[in-house]
$ cat input.csv   # CSV, C-alpha atoms
chain,number,residue,atom,x,y,z
A,1,MET,CA,36.3,118.0,148.1
A,2,ASN,CA,33.0,116.7,149.5
A,3,TRP,CA,31.1,119.8,150.6
A,4,GLU,CA,28.2,117.9,152.0
A,5,LEU,CA,30.4,115.8,154.3
A,6,LEU,CA,32.3,119.0,155.3
A,7,GLY,CA,29.0,120.7,156.2
A,8,PHE,CA,27.8,117.7,158.0
A,9,ALA,CA,31.0,117.5,160.0
A,10,PHE,CA,30.8,121.2,160.9
A,11,LEU,CA,27.2,121.0,162.0
A,12,THR,CA,27.8,117.8,164.0
A,13,GLY,CA,30.7,119.4,165.8
A,14,MET,CA,28.7,122.5,166.5
A,15,LEU,CA,25.8,120.5,167.7
A,16,LEU,CA,27.7,118.2,170.0
A,17,TYR,CA,30.0,120.9,171.4
A,18,SER,CA,27.1,123.4,172.2
A,19,ALA,CA,24.9,120.6,173.6
A,20,PHE,CA,27.8,119.6,175.8
A,21,LYS,CA,28.4,123.2,176.9
A,22,VAL,CA,24.7,123.7,177.7
A,23,VAL,CA,25.0,121.3,180.6
A,24,THR,CA,28.6,122.0,181.7
A,25,THR,CA,29.0,125.7,181.5
A,26,THR,CA,28.9,127.6,184.8
A,27,TYR,CA,27.1,130.7,183.5
A,28,ILE,CA,23.4,130.1,183.2
A,29,THR,CA,23.0,132.8,180.5
A,30,HIS,CA,25.8,131.1,178.5
A,31,ALA,CA,23.8,127.9,178.7
A,32,ALA,CA,20.9,129.7,177.0
A,33,ILE,CA,23.2,130.9,174.2
A,34,TYR,CA,24.7,127.5,173.7
A,35,LEU,CA,21.1,126.1,173.6
A,36,ALA,CA,20.4,128.5,170.8
A,37,PHE,CA,23.5,127.3,168.9
A,38,THR,CA,22.3,123.7,169.3
A,39,PHE,CA,19.0,124.6,167.7
A,40,VAL,CA,20.7,126.5,164.9
A,41,ALA,CA,22.9,123.5,164.2
A,42,LEU,CA,19.8,121.3,164.1
A,43,ALA,CA,18.2,123.7,161.6
A,44,GLY,CA,21.3,123.3,159.5
A,45,PHE,CA,20.7,119.6,159.4
A,46,PHE,CA,17.1,120.2,158.3
A,47,LEU,CA,18.4,122.5,155.5
A,48,MET,CA,20.9,119.8,154.4
A,49,LEU,CA,17.9,117.4,154.1
A,50,SER,CA,16.1,120.0,152.0
A,51,ALA,CA,13.5,120.4,154.7
A,52,ASN,CA,13.5,124.2,154.3
A,53,PHE,CA,10.2,124.8,156.2
A,54,LEU,CA,11.3,122.7,159.1
A,55,ALA,CA,14.6,124.6,159.3
A,56,ALA,CA,12.6,127.9,159.4
A,57,VAL,CA,10.4,126.6,162.2
A,58,GLN,CA,13.5,125.4,164.1
A,59,ILE,CA,15.1,128.9,163.8
A,60,LEU,CA,12.0,131.0,164.5
A,61,VAL,CA,10.3,128.9,167.2
A,62,TYR,CA,13.2,127.2,168.9
A,63,ALA,CA,16.3,129.4,168.5
A,64,GLY,CA,14.0,132.4,168.6
A,65,ALA,CA,11.1,132.1,170.9
A,66,VAL,CA,12.0,129.2,173.1
A,67,VAL,CA,15.5,130.5,173.9
A,68,ALA,CA,13.9,134.0,174.6
A,69,LEU,CA,11.5,132.2,177.0
A,70,VAL,CA,14.5,130.6,178.7
A,71,VAL,CA,16.3,133.9,179.0
A,72,PHE,CA,13.1,135.4,180.4
A,73,ALA,CA,12.9,132.6,183.0
A,74,ILE,CA,16.5,133.4,184.0
A,75,MET,CA,15.8,137.1,184.3
A,76,LEU,CA,12.7,136.5,186.4
A,77,SER,CA,14.3,134.0,188.7
A,78,GLN,CA,15.8,135.0,192.1
A,79,ARG,CA,19.3,136.2,191.9
A,80,GLN,CA,20.5,133.8,194.6
A,81,ASP,CA,19.4,130.8,192.5
A,82,TYR,CA,21.9,131.7,189.8
A,83,SER,CA,25.6,132.0,190.1
A,84,GLY,CA,27.0,134.4,187.7
A,85,LYS,CA,30.4,133.9,189.1
A,86,PRO,CA,32.7,131.5,187.3
A,87,ILE,CA,33.9,128.7,189.5
A,88,GLU,CA,37.6,129.0,190.2
A,89,GLU,CA,39.0,125.6,189.6
A,90,THR,CA,42.0,123.9,188.2
A,91,ARG,CA,42.0,122.0,185.0
A,92,THR,CA,41.7,118.6,186.6
A,93,GLU,CA,38.9,119.8,188.9
A,94,LYS,CA,37.1,121.0,185.8
A,95,ILE,CA,37.4,117.7,184.0
A,96,GLU,CA,36.3,115.9,187.2
A,97,ARG,CA,33.2,118.1,187.5
A,98,THR,CA,32.4,117.8,183.9
A,99,PHE,CA,32.8,114.1,183.5
A,100,GLY,CA,32.0,112.7,186.9
A,101,SER,CA,30.4,113.7,190.1
A,102,GLN,CA,31.2,112.1,193.5
A,103,TYR,CA,28.2,109.8,193.3
A,104,TRP,CA,27.6,108.9,189.7
A,105,GLY,CA,30.9,109.1,188.1
A,106,ALA,CA,30.9,108.9,184.3
A,107,LEU,CA,27.5,107.2,184.3
A,108,PRO,CA,25.8,109.8,182.0
A,109,LEU,CA,28.6,109.5,179.5
A,110,VAL,CA,28.5,105.7,179.6
A,111,ILE,CA,24.7,105.7,179.1
A,112,ALA,CA,24.9,108.1,176.2
A,113,ALA,CA,27.6,106.1,174.5
A,114,GLY,CA,25.7,102.9,175.2
A,115,VAL,CA,22.5,104.3,173.7
A,116,ALA,CA,24.4,105.5,170.6
A,117,ALA,CA,26.0,102.1,170.2
A,118,ILE,CA,22.7,100.3,170.5
A,119,MET,CA,21.1,102.7,167.9
A,120,ILE,CA,23.9,102.1,165.4
A,121,VAL,CA,23.6,98.3,165.9
A,122,ILE,CA,19.8,98.4,165.4
A,123,TYR,CA,20.1,100.6,162.4
A,124,ARG,CA,22.5,98.3,160.8
A,125,GLN,CA,20.3,95.3,161.5
A,126,VAL,CA,17.2,97.0,160.1
A,127,VAL,CA,19.0,98.1,157.0
A,128,ALA,CA,20.5,94.6,156.6
A,129,ALA,CA,17.0,93.1,156.9
A,130,GLY,CA,15.9,95.4,154.1
A,131,TYR,CA,13.2,97.3,155.9
A,132,TRP,CA,14.8,100.6,155.2
A,133,THR,CA,16.8,101.4,152.2
A,134,SER,CA,20.1,103.0,153.1
A,135,GLU,CA,19.8,105.2,150.2
A,136,PRO,CA,17.4,108.2,150.8
A,137,GLY,CA,14.6,108.9,148.5
A,138,PRO,CA,14.8,111.8,146.1
A,139,ALA,CA,14.5,115.2,147.8
A,140,LEU,CA,11.4,117.1,147.1
A,141,GLU,CA,11.8,120.0,144.7
A,142,ASP,CA,10.1,122.4,147.0
A,143,SER,CA,9.2,120.9,150.4
A,144,THR,CA,7.4,124.1,151.6
A,145,VAL,CA,4.9,124.0,148.8
A,146,ALA,CA,4.4,120.2,149.3
A,147,ILE,CA,3.7,120.8,153.0
A,148,ALA,CA,1.4,123.8,152.3
A,149,ASN,CA,-0.6,121.8,149.7
A,150,GLU,CA,-1.2,119.0,152.2
A,151,LEU,CA,-1.8,121.2,155.2
A,152,PHE,CA,-4.4,123.6,153.7
A,153,THR,CA,-6.4,121.0,151.8
A,154,LYS,CA,-6.2,117.5,153.1
A,155,TYR,CA,-5.3,118.4,156.7
A,156,LEU,CA,-7.6,121.4,156.9
A,157,ILE,CA,-9.4,120.3,160.1
A,158,PRO,CA,-6.2,119.4,162.0
A,159,PHE,CA,-4.8,122.7,161.0
A,160,GLU,CA,-7.8,124.6,162.4
A,161,VAL,CA,-7.6,122.4,165.5
A,162,VAL,CA,-4.0,123.6,166.0
A,163,SER,CA,-5.3,127.1,166.5
A,164,LEU,CA,-7.6,125.8,169.2
A,165,VAL,CA,-4.8,124.0,170.9
A,166,LEU,CA,-2.7,127.2,170.7
A,167,LEU,CA,-5.6,129.1,172.2
A,168,ALA,CA,-5.9,126.6,175.0
A,169,ALA,CA,-2.1,126.8,175.6
A,170,MET,CA,-2.3,130.6,175.7
A,171,ILE,CA,-5.2,130.7,178.2
A,172,GLY,CA,-3.6,128.0,180.3
A,173,ALA,CA,-0.3,130.0,180.4
A,174,ILE,CA,-2.1,133.2,181.4
A,175,ILE,CA,-4.1,131.4,184.2
A,176,LEU,CA,-1.0,129.7,185.5
A,177,THR,CA,1.3,132.7,185.5
A,178,LYS,CA,-1.2,135.3,186.7
A,179,ARG,CA,-1.6,135.0,190.4
A,180,GLU,CA,-4.9,135.3,192.2
A,181,GLY,CA,-5.8,138.8,193.2
A,182,GLN,CA,-3.1,140.2,191.0
A,183,ARG,CA,-4.4,142.8,188.6
B,1,MET,CA,21.8,123.2,146.5
B,2,THR,CA,21.9,126.8,145.2
B,3,ASP,CA,19.4,127.9,147.9
B,4,GLY,CA,21.7,126.4,150.5
B,5,LEU,CA,24.5,128.4,148.9
B,6,TYR,CA,22.6,131.7,149.3
B,7,ILE,CA,21.9,130.9,152.9
B,8,LEU,CA,25.6,130.1,153.5
B,9,ILE,CA,26.6,133.5,151.9
B,10,PHE,CA,24.1,135.3,154.1
B,11,LEU,CA,25.3,133.4,157.1
B,12,LEU,CA,29.0,134.2,156.4
B,13,GLY,CA,28.1,137.9,155.6
B,14,GLY,CA,26.1,138.2,158.8
B,15,MET,CA,28.9,136.7,160.8
B,16,ALA,CA,31.6,138.8,159.1
B,17,PHE,CA,29.8,142.1,159.8
B,18,PRO,CA,29.9,142.1,163.6
B,19,ILE,CA,33.3,140.3,163.8
B,20,GLY,CA,34.7,142.7,161.2
B,21,SER,CA,33.4,145.8,163.0
B,22,ILE,CA,34.7,144.7,166.3
B,23,LEU,CA,38.1,143.9,164.9
B,24,VAL,CA,38.4,147.1,163.0
B,25,ALA,CA,37.3,149.1,166.0
B,26,ARG,CA,39.8,147.3,168.2
B,27,LEU,CA,42.6,147.9,165.7
B,28,LEU,CA,41.9,151.6,164.9
B,29,SER,CA,40.7,153.0,168.3
B,30,PRO,CA,43.3,154.3,170.7
B,31,SER,CA,43.1,152.7,174.1
B,32,TYR,CA,44.2,154.5,177.3
B,33,PRO,CA,42.1,152.8,180.0
B,34,GLU,CA,41.7,154.4,183.4
B,35,PRO,CA,39.3,153.4,186.2
B,36,SER,CA,36.7,156.0,185.5
B,37,LYS,CA,36.8,155.2,181.8
B,38,VAL,CA,36.3,151.4,182.1
B,39,SER,CA,33.6,151.6,184.8
B,40,THR,CA,30.0,150.9,183.7
B,41,TYR,CA,28.4,153.8,182.0
B,42,GLU,CA,25.2,154.8,183.8
B,43,SER,CA,24.1,158.1,182.3
B,44,GLY,CA,27.1,159.9,183.9
B,45,GLU,CA,26.0,158.8,187.4
B,46,VAL,CA,28.3,156.7,189.6
B,47,PRO,CA,27.0,153.1,189.2
B,48,PHE,CA,25.9,151.3,192.2
B,49,GLY,CA,24.5,147.9,193.0
B,50,GLU,CA,24.4,145.1,190.5
B,51,ALA,CA,23.3,145.1,186.9
B,52,ARG,CA,21.1,142.1,187.4
B,53,VAL,CA,17.7,142.8,188.9
B,54,GLN,CA,14.8,140.5,189.2
B,55,PHE,CA,12.1,141.5,186.8
B,56,HIS,CA,8.4,141.3,187.6
B,57,LEU,CA,7.2,137.8,187.3
B,58,GLY,CA,4.1,138.9,185.4
B,59,TYR,CA,6.3,139.3,182.3
B,60,TYR,CA,6.6,135.6,181.9
B,61,ALA,CA,3.1,135.5,180.6
B,62,TYR,CA,4.2,138.1,178.0
B,63,ALA,CA,6.9,135.7,176.8
B,64,LEU,CA,4.5,132.8,176.6
B,65,VAL,CA,2.0,134.8,174.6
B,66,PHE,CA,4.8,135.8,172.3
B,67,LEU,CA,5.7,132.1,171.8
B,68,ILE,CA,2.1,131.2,170.9
B,69,PHE,CA,2.0,134.0,168.3
B,70,ASP,CA,5.4,133.0,167.0
B,71,ILE,CA,4.0,129.5,166.3
B,72,GLU,CA,1.0,131.1,164.6
B,73,ALA,CA,3.2,133.2,162.4
B,74,ILE,CA,5.1,130.1,161.3
B,75,PHE,CA,1.9,128.8,159.7
B,76,LEU,CA,1.6,131.9,157.6
B,77,TYR,CA,4.7,131.0,155.6
B,78,PRO,CA,3.5,127.9,153.8
B,79,TRP,CA,0.1,129.6,153.5
B,80,ALA,CA,1.6,132.6,151.8
B,81,VAL,CA,3.6,130.3,149.4
B,82,ILE,CA,0.4,128.7,147.9
B,83,TYR,CA,-2.0,131.6,148.6
B,84,LYS,CA,-2.6,132.3,144.9
B,85,ASP,CA,-3.7,128.7,144.3
B,86,LEU,CA,-5.9,128.6,147.3
B,87,GLY,CA,-7.8,131.8,146.5
B,88,LEU,CA,-10.7,132.8,148.7
B,89,PHE,CA,-10.9,129.4,150.3
B,90,GLY,CA,-7.4,129.9,151.7
B,91,PHE,CA,-8.2,133.4,152.8
B,92,VAL,CA,-11.2,132.2,154.8
B,93,GLU,CA,-9.3,129.3,156.2
B,94,MET,CA,-6.5,131.5,157.6
B,95,LEU,CA,-9.1,134.1,158.8
B,96,ILE,CA,-10.7,131.4,161.0
B,97,PHE,CA,-7.3,130.3,162.2
B,98,ILE,CA,-6.3,133.8,163.2
B,99,LEU,CA,-9.7,134.8,164.6
B,100,ILE,CA,-9.5,131.8,167.0
B,101,LEU,CA,-6.2,133.1,168.2
B,102,VAL,CA,-7.5,136.7,168.5
B,103,VAL,CA,-9.8,135.3,171.1
B,104,GLY,CA,-6.7,134.5,173.1
B,105,LEU,CA,-5.3,137.9,172.5
B,106,VAL,CA,-8.5,139.5,173.8
B,107,TYR,CA,-8.4,137.3,176.8
B,108,ALA,CA,-4.8,138.4,177.5
B,109,LEU,CA,-5.8,142.0,177.2
B,110,LYS,CA,-8.8,141.5,179.5
B,111,LYS,CA,-6.6,139.8,182.0
B,112,ARG,CA,-4.2,142.8,181.7
B,113,VAL,CA,-1.2,140.5,180.8
B,114,LEU,CA,0.1,143.0,178.3
B,115,GLU,CA,0.2,145.9,180.7
B,116,TRP,CA,3.3,147.6,182.2
B,117,MET,CA,3.9,146.3,185.6
$ encode --input "input.csv" --output "C-alpha coordinates"
Amino acid sequence: MNWELLGFAFLTGMLLYSAFKVVTTTYITHAAIYLAFTFVALAGFFLMLSANFLAAVQILVYAGAVVALVVFAIMLSQRQDYSGKPIEETRTEKIERTFGSQYWGALPLVIAAGVAAIMIVIYRQVVAAGYWTSEPGPALEDSTVAIANELFTKYLIPFEVVSLVLLAAMIGAIILTKREGQR
Amino acid sequence: MTDGLYILIFLLGGMAFPIGSILVARLLSPSYPEPSKVSTYESGEVPFGEARVQFHLGYYAYALVFLIFDIEAIFLYPWAVIYKDLGLFGFVEMLIFILILVVGLVYALKKRVLEWM
(Lines of atoms letter the chains of each structure in order from A and count residues from 1; the text may use other names and numbers.)
(Lines give C-alpha, C1' and ligand atoms only; values in the text may rest on other atoms or scores of the structure.)
Protein backbone atom coordinates (compact mmCIF):
# COMPACT_ATOMS: atom_id res chain seq x y z
CA MET A 1 0.00 0.00 0.00
CA ASN A 2 1.19 3.45 -0.89
CA TRP A 3 1.11 5.38 2.36
CA GLU A 4 2.10 8.66 0.78
CA LEU A 5 -0.80 8.52 -1.66
CA LEU A 6 -3.15 7.54 1.15
CA GLY A 7 -2.01 10.48 3.28
CA PHE A 8 -2.29 12.83 0.33
CA ALA A 9 -5.82 11.63 -0.43
CA PHE A 10 -6.84 12.02 3.22
CA LEU A 11 -5.42 15.55 3.44
CA THR A 12 -6.95 16.56 0.12
CA GLY A 13 -10.34 15.32 1.21
CA MET A 14 -10.03 17.10 4.55
CA LEU A 15 -8.88 20.33 2.89
CA LEU A 16 -11.57 20.42 0.23
CA TYR A 17 -14.38 19.38 2.54
CA SER A 18 -13.52 21.86 5.29
CA ALA A 19 -12.88 24.71 2.83
CA PHE A 20 -16.25 23.95 1.26
CA LYS A 21 -17.94 23.93 4.66
CA VAL A 22 -16.36 27.26 5.64
CA VAL A 23 -18.46 29.03 3.04
CA THR A 24 -21.60 26.89 3.18
CA THR A 25 -22.19 26.22 6.89
CA THR A 26 -24.95 28.24 8.54
CA TYR A 27 -23.19 28.50 11.91
CA ILE A 28 -20.57 31.20 11.86
CA THR A 29 -18.59 29.60 14.71
CA HIS A 30 -18.54 26.33 12.82
CA ALA A 31 -17.09 28.21 9.86
CA ALA A 32 -14.20 29.28 12.10
CA ILE A 33 -13.60 25.67 13.20
CA TYR A 34 -13.69 24.45 9.60
CA LEU A 35 -11.20 27.19 8.73
CA ALA A 36 -8.90 25.79 11.40
CA PHE A 37 -9.24 22.31 9.88
CA THR A 38 -8.39 23.76 6.47
CA PHE A 39 -5.19 25.25 7.89
CA VAL A 40 -4.29 22.00 9.66
CA ALA A 41 -4.73 20.04 6.42
CA LEU A 42 -2.47 22.52 4.67
CA ALA A 43 0.11 22.03 7.43
CA GLY A 44 -0.15 18.32 6.70
CA PHE A 45 0.82 18.98 3.08
CA PHE A 46 3.84 20.98 4.25
CA LEU A 47 4.86 18.08 6.48
CA MET A 48 4.57 15.66 3.56
CA LEU A 49 6.91 17.94 1.59
CA SER A 50 9.34 17.83 4.57
CA ALA A 51 8.84 21.54 5.17
CA ASN A 52 8.64 21.03 8.93
CA PHE A 53 9.17 24.64 9.90
CA LEU A 54 6.49 25.85 7.51
CA ALA A 55 4.10 23.27 8.95
CA ALA A 56 4.80 24.58 12.47
CA VAL A 57 4.20 28.15 11.28
CA GLN A 58 0.98 27.09 9.64
CA ILE A 59 -0.30 25.41 12.81
CA LEU A 60 0.83 28.06 15.29
CA VAL A 61 0.08 31.23 13.36
CA TYR A 62 -2.83 30.27 11.13
CA ALA A 63 -4.65 27.46 12.91
CA GLY A 64 -3.78 29.05 16.25
CA ALA A 65 -3.66 32.81 16.18
CA VAL A 66 -5.59 33.71 13.04
CA VAL A 67 -8.50 31.43 13.90
CA ALA A 68 -8.45 32.83 17.45
CA LEU A 69 -8.66 36.29 15.90
CA VAL A 70 -11.63 35.23 13.78
CA VAL A 71 -13.39 33.81 16.84
CA PHE A 72 -12.66 37.05 18.69
CA ALA A 73 -14.19 39.01 15.83
CA ILE A 74 -17.31 36.82 15.99
CA MET A 75 -17.58 37.28 19.77
CA LEU A 76 -17.17 41.02 19.51
CA SER A 77 -19.67 41.51 16.73
CA GLN A 78 -23.30 42.43 17.29
CA ARG A 79 -25.49 39.45 17.96
CA GLN A 80 -28.02 40.42 15.33
CA ASP A 81 -25.37 40.18 12.64
CA TYR A 82 -24.89 36.51 13.29
CA SER A 83 -27.52 33.85 13.04
CA GLY A 84 -26.80 31.01 15.40
CA LYS A 85 -29.98 29.28 14.37
CA PRO A 86 -29.74 26.57 11.77
CA ILE A 87 -31.78 27.31 8.71
CA GLU A 88 -34.64 24.87 8.44
CA GLU A 89 -34.68 23.61 4.92
CA THR A 90 -35.24 20.54 2.86
CA ARG A 91 -32.45 18.66 1.18
CA THR A 92 -33.14 20.15 -2.24
CA GLU A 93 -33.27 23.65 -0.76
CA LYS A 94 -29.94 23.05 0.87
CA ILE A 95 -28.36 21.90 -2.37
CA GLU A 96 -29.87 24.88 -4.12
CA ARG A 97 -28.52 27.31 -1.54
CA THR A 98 -25.12 25.68 -1.57
CA PHE A 99 -24.58 25.40 -5.29
CA GLY A 100 -26.53 28.25 -6.73
CA SER A 101 -28.17 31.44 -5.71
CA GLN A 102 -31.03 33.08 -7.53
CA TYR A 103 -28.81 35.43 -9.45
CA TRP A 104 -25.50 33.73 -10.00
CA GLY A 105 -26.37 30.11 -10.17
CA ALA A 106 -23.42 27.74 -10.16
CA LEU A 107 -21.07 30.46 -11.38
CA PRO A 108 -18.53 30.18 -8.51
CA LEU A 109 -18.32 26.43 -9.00
CA VAL A 110 -17.82 26.83 -12.75
CA ILE A 111 -15.12 29.46 -12.22
CA ALA A 112 -13.30 27.28 -9.69
CA ALA A 113 -13.44 24.26 -11.98
CA GLY A 114 -12.29 26.39 -14.93
CA VAL A 115 -9.33 27.80 -13.02
CA ALA A 116 -8.35 24.30 -11.91
CA ALA A 117 -8.57 23.00 -15.49
CA ILE A 118 -6.48 25.90 -16.83
CA MET A 119 -3.85 25.33 -14.13
CA ILE A 120 -3.59 21.65 -14.99
CA VAL A 121 -3.22 22.46 -18.72
CA ILE A 122 -0.54 25.10 -18.05
CA TYR A 123 1.32 22.78 -15.70
CA ARG A 124 1.36 20.02 -18.30
CA GLN A 125 2.56 22.44 -20.97
CA VAL A 126 5.33 23.78 -18.77
CA VAL A 127 6.48 20.31 -17.80
CA ALA A 128 6.33 19.16 -21.43
CA ALA A 129 8.43 22.15 -22.47
CA GLY A 130 11.01 21.07 -19.92
CA TYR A 131 11.04 24.20 -17.77
CA TRP A 132 10.20 22.26 -14.65
CA THR A 133 11.13 18.73 -13.99
CA SER A 134 8.15 16.72 -12.93
CA GLU A 135 10.38 14.91 -10.46
CA PRO A 136 10.93 16.92 -7.27
CA GLY A 137 14.44 17.54 -6.05
CA PRO A 138 15.76 15.65 -3.05
CA ALA A 139 14.17 16.74 0.20
CA LEU A 140 16.42 18.58 2.61
CA GLU A 141 17.67 16.52 5.48
CA ASP A 142 16.61 19.13 8.02
CA SER A 143 14.80 22.07 6.48
CA THR A 144 14.54 23.97 9.78
CA VAL A 145 18.31 24.08 10.18
CA ALA A 146 18.68 25.15 6.54
CA ILE A 147 16.18 27.98 7.01
CA ALA A 148 17.82 29.04 10.27
CA ASN A 149 21.30 29.11 8.72
CA GLU A 150 20.12 31.35 5.91
CA LEU A 151 17.89 33.54 8.06
CA PHE A 152 20.36 34.39 10.80
CA THR A 153 23.42 34.98 8.65
CA LYS A 154 22.69 35.83 5.03
CA TYR A 155 19.29 37.42 5.62
CA LEU A 156 20.13 39.06 8.93
CA ILE A 157 18.98 42.56 7.94
CA PRO A 158 15.64 41.41 6.49
CA PHE A 159 15.12 39.40 9.66
CA GLU A 160 15.59 42.48 11.84
CA VAL A 161 13.38 44.48 9.49
CA VAL A 162 10.66 41.90 10.13
CA SER A 163 10.55 42.98 13.75
CA LEU A 164 10.12 46.60 12.63
CA VAL A 165 7.28 45.55 10.33
CA LEU A 166 5.67 43.65 13.21
CA LEU A 167 6.12 46.71 15.44
CA ALA A 168 4.43 48.90 12.85
CA ALA A 169 1.61 46.36 12.53
CA MET A 170 1.12 46.25 16.28
CA ILE A 171 1.06 50.05 16.70
CA GLY A 172 -1.23 50.36 13.70
CA ALA A 173 -3.60 47.74 15.13
CA ILE A 174 -3.71 49.52 18.50
CA ILE A 175 -4.36 52.91 16.90
CA LEU A 176 -7.11 51.52 14.68
CA THR A 177 -8.89 49.49 17.35
CA LYS A 178 -8.62 52.02 20.16
CA ARG A 179 -11.23 54.70 19.72
CA GLU A 180 -10.56 58.36 20.39
CA GLY A 181 -11.25 59.44 23.94
CA GLN A 182 -11.36 55.86 25.10
CA ARG A 183 -9.08 55.17 28.00
CA MET B 1 9.58 9.73 7.23
CA THR B 2 10.12 8.57 10.84
CA ASP B 3 9.47 12.11 12.11
CA GLY B 4 6.19 12.08 10.23
CA LEU B 5 5.37 8.77 11.90
CA TYR B 6 5.89 10.29 15.34
CA ILE B 7 3.59 13.15 14.45
CA LEU B 8 1.00 10.69 13.19
CA ILE B 9 1.19 8.71 16.43
CA PHE B 10 0.79 11.91 18.46
CA LEU B 11 -2.10 12.99 16.26
CA LEU B 12 -3.90 9.67 16.62
CA GLY B 13 -3.21 9.56 20.36
CA GLY B 14 -4.42 13.12 20.77
CA MET B 15 -7.61 12.35 18.88
CA ALA B 16 -8.18 9.03 20.64
CA PHE B 17 -8.01 10.60 24.10
CA PRO B 18 -11.02 12.94 23.89
CA ILE B 19 -13.02 10.60 21.66
CA GLY B 20 -12.30 7.68 23.98
CA SER B 21 -13.20 9.60 27.15
CA ILE B 22 -16.47 10.82 25.67
CA LEU B 23 -17.36 7.34 24.44
CA VAL B 24 -16.51 5.65 27.74
CA ALA B 25 -18.44 8.30 29.68
CA ARG B 26 -21.42 7.82 27.43
CA LEU B 27 -21.30 4.03 27.77
CA LEU B 28 -20.76 3.86 31.53
CA SER B 29 -22.77 6.77 32.89
CA PRO B 30 -26.44 6.30 33.75
CA SER B 31 -28.75 8.66 31.96
CA TYR B 32 -32.08 9.74 33.48
CA PRO B 33 -32.69 13.17 31.95
CA GLU B 34 -35.29 15.52 33.33
CA PRO B 35 -35.83 19.23 32.53
CA SER B 36 -33.96 20.62 35.52
CA LYS B 37 -31.04 18.26 34.92
CA VAL B 38 -30.52 19.06 31.26
CA SER B 39 -30.89 22.82 31.68
CA THR B 40 -27.76 24.96 31.49
CA TYR B 41 -25.79 24.94 34.72
CA GLU B 42 -25.30 28.44 36.02
CA SER B 43 -23.89 28.05 39.54
CA GLY B 44 -27.21 26.72 40.80
CA GLU B 45 -29.10 29.80 39.63
CA VAL B 46 -31.94 29.59 37.16
CA PRO B 47 -30.37 30.57 33.83
CA PHE B 48 -31.82 33.53 32.01
CA GLY B 49 -31.08 35.36 28.77
CA GLU B 50 -28.76 33.98 26.15
CA ALA B 51 -25.29 32.59 26.53
CA ARG B 52 -23.91 34.80 23.81
CA VAL B 53 -23.02 38.29 24.91
CA GLN B 54 -21.16 40.92 23.01
CA PHE B 55 -17.73 41.42 24.48
CA HIS B 56 -16.05 44.76 24.78
CA LEU B 57 -14.63 45.83 21.45
CA GLY B 58 -11.36 46.83 23.08
CA TYR B 59 -10.39 43.18 23.41
CA TYR B 60 -9.83 42.94 19.69
CA ALA B 61 -6.57 44.84 20.15
CA TYR B 62 -5.64 42.14 22.67
CA ALA B 63 -6.08 39.48 20.01
CA LEU B 64 -4.07 41.46 17.49
CA VAL B 65 -1.20 41.95 19.92
CA PHE B 66 -1.31 38.21 20.61
CA LEU B 67 -1.05 37.52 16.88
CA ILE B 68 2.03 39.73 16.57
CA PHE B 69 3.79 38.02 19.46
CA ASP B 70 2.83 34.64 18.09
CA ILE B 71 4.66 35.49 14.88
CA GLU B 72 7.60 36.69 16.94
CA ALA B 73 7.66 33.40 18.84
CA ILE B 74 7.74 31.49 15.54
CA PHE B 75 11.16 33.02 14.78
CA LEU B 76 12.53 31.69 18.05
CA TYR B 77 12.21 28.09 16.82
CA PRO B 78 14.78 28.15 13.99
CA TRP B 79 16.93 30.40 16.13
CA ALA B 80 16.93 27.89 18.98
CA VAL B 81 17.83 25.07 16.57
CA ILE B 82 21.14 26.67 15.57
CA TYR B 83 21.74 28.72 18.70
CA LYS B 84 24.89 26.80 19.61
CA ASP B 85 26.48 27.52 16.25
CA LEU B 86 25.60 31.20 16.32
CA GLY B 87 26.90 31.88 19.82
CA LEU B 88 27.00 35.44 21.10
CA PHE B 89 26.27 36.82 17.62
CA GLY B 90 22.95 34.99 17.53
CA PHE B 91 22.13 36.08 21.06
CA VAL B 92 22.63 39.78 20.23
CA GLU B 93 20.72 39.33 17.01
CA MET B 94 17.66 37.93 18.74
CA LEU B 95 18.00 40.47 21.56
CA ILE B 96 17.66 43.32 19.04
CA PHE B 97 14.72 41.57 17.41
CA ILE B 98 12.90 41.15 20.71
CA LEU B 99 13.80 44.62 22.04
CA ILE B 100 12.22 46.24 18.98
CA LEU B 101 9.03 44.32 19.70
CA VAL B 102 9.20 45.19 23.40
CA VAL B 103 8.76 48.80 22.26
CA GLY B 104 5.42 47.70 20.87
CA LEU B 105 4.53 45.98 24.14
CA VAL B 106 5.40 49.15 26.09
CA TYR B 107 3.26 51.14 23.67
CA ALA B 108 0.36 48.73 24.21
CA LEU B 109 0.77 49.06 27.98
CA LYS B 110 0.89 52.86 27.76
CA LYS B 111 -2.24 52.87 25.61
CA ARG B 112 -3.86 50.63 28.25
CA VAL B 113 -4.73 47.96 25.70
CA LEU B 114 -3.89 45.15 28.08
CA GLU B 115 -6.21 46.32 30.84
CA TRP B 116 -9.46 44.83 32.01
CA MET B 117 -12.38 46.62 30.41
$ closest_residue --input "input.csv" --among "A:Asn149, A:Asn52, A:Thr177, A:Ser143" --to "B:Ile7" --atoms "only C-alpha atoms"
A:Asn52
$ atom_distance --input "input.csv" --atom1 "atom CA of B:Leu105" --atom2 "atom CA of A:Glu160"
16.9 Å
$ closest_atom_pairs --input "input.csv" --of "chain A" --to "chain B" --cutoff "6 Å" --atoms "all atoms listed in the file" --output "tab-separated table"
residue	atom	partner	partner_atom	distance
A:Ala65	CA	B:Leu67	CA	5.5
A:Leu69	CA	B:Ala63	CA	5.8
A:Leu76	CA	B:Phe55	CA	5.1
A:Thr144	CA	B:Pro78	CA	5.9
A:Ala148	CA	B:Pro78	CA	4.8
A:Glu160	CA	B:Phe97	CA	5.7
A:Ser163	CA	B:Phe97	CA	5.7
A:Leu167	CA	B:Gly104	CA	5.6
A:Ile174	CA	B:Ala61	CA	5.7
A:Thr177	CA	B:Ala61	CA	5.9
$ write_last_selection --input "input.csv" --atoms "C-alpha atoms" --output "tab-separated table (two decimals), in the coordinates of the input"
chain	number	residue	atom	x	y	z
A	65	ALA	CA	11.10	132.10	170.90
A	69	LEU	CA	11.50	132.20	177.00
A	76	LEU	CA	12.70	136.50	186.40
A	144	THR	CA	7.40	124.10	151.60
A	148	ALA	CA	1.40	123.80	152.30
A	160	GLU	CA	-7.80	124.60	162.40
A	163	SER	CA	-5.30	127.10	166.50
A	167	LEU	CA	-5.60	129.10	172.20
A	174	ILE	CA	-2.10	133.20	181.40
A	177	THR	CA	1.30	132.70	185.50
$ atom_distance --input "input.csv" --atom1 "atom CA of B:Leu95" --atom2 "atom CA of B:Leu114"
23.3 Å
$ atom_distance --input "input.csv" --atom1 "atom CA of B:Glu50" --atom2 "atom CA of A:Tyr27"
16.2 Å
$ closest_residue --input "input.csv" --among "B:Phe91, B:Thr40, B:Leu109, B:Tyr32" --to "A:Phe152" --atoms "all atoms listed in the file"
B:Phe91
$ residues_around --input "input.csv" --residues "A:Ala36" --least-positions-apart "4" --cutoff "10 Å" --atoms "all atoms listed in the file" --output "list in words"
Ser18, Ala19, Val22, His30, Ala31, Ala32, Val40, Ala41, Leu42, Ile59, Tyr62, Ala63, Gly64, Ala65, Val66, Val67 and Ala68 of chain A
$ closest_residue --input "input.csv" --among "A:Val161, A:Ile111, A:Leu11, A:Val71" --to "A:Leu47" --atoms "all atoms listed in the file"
A:Leu11
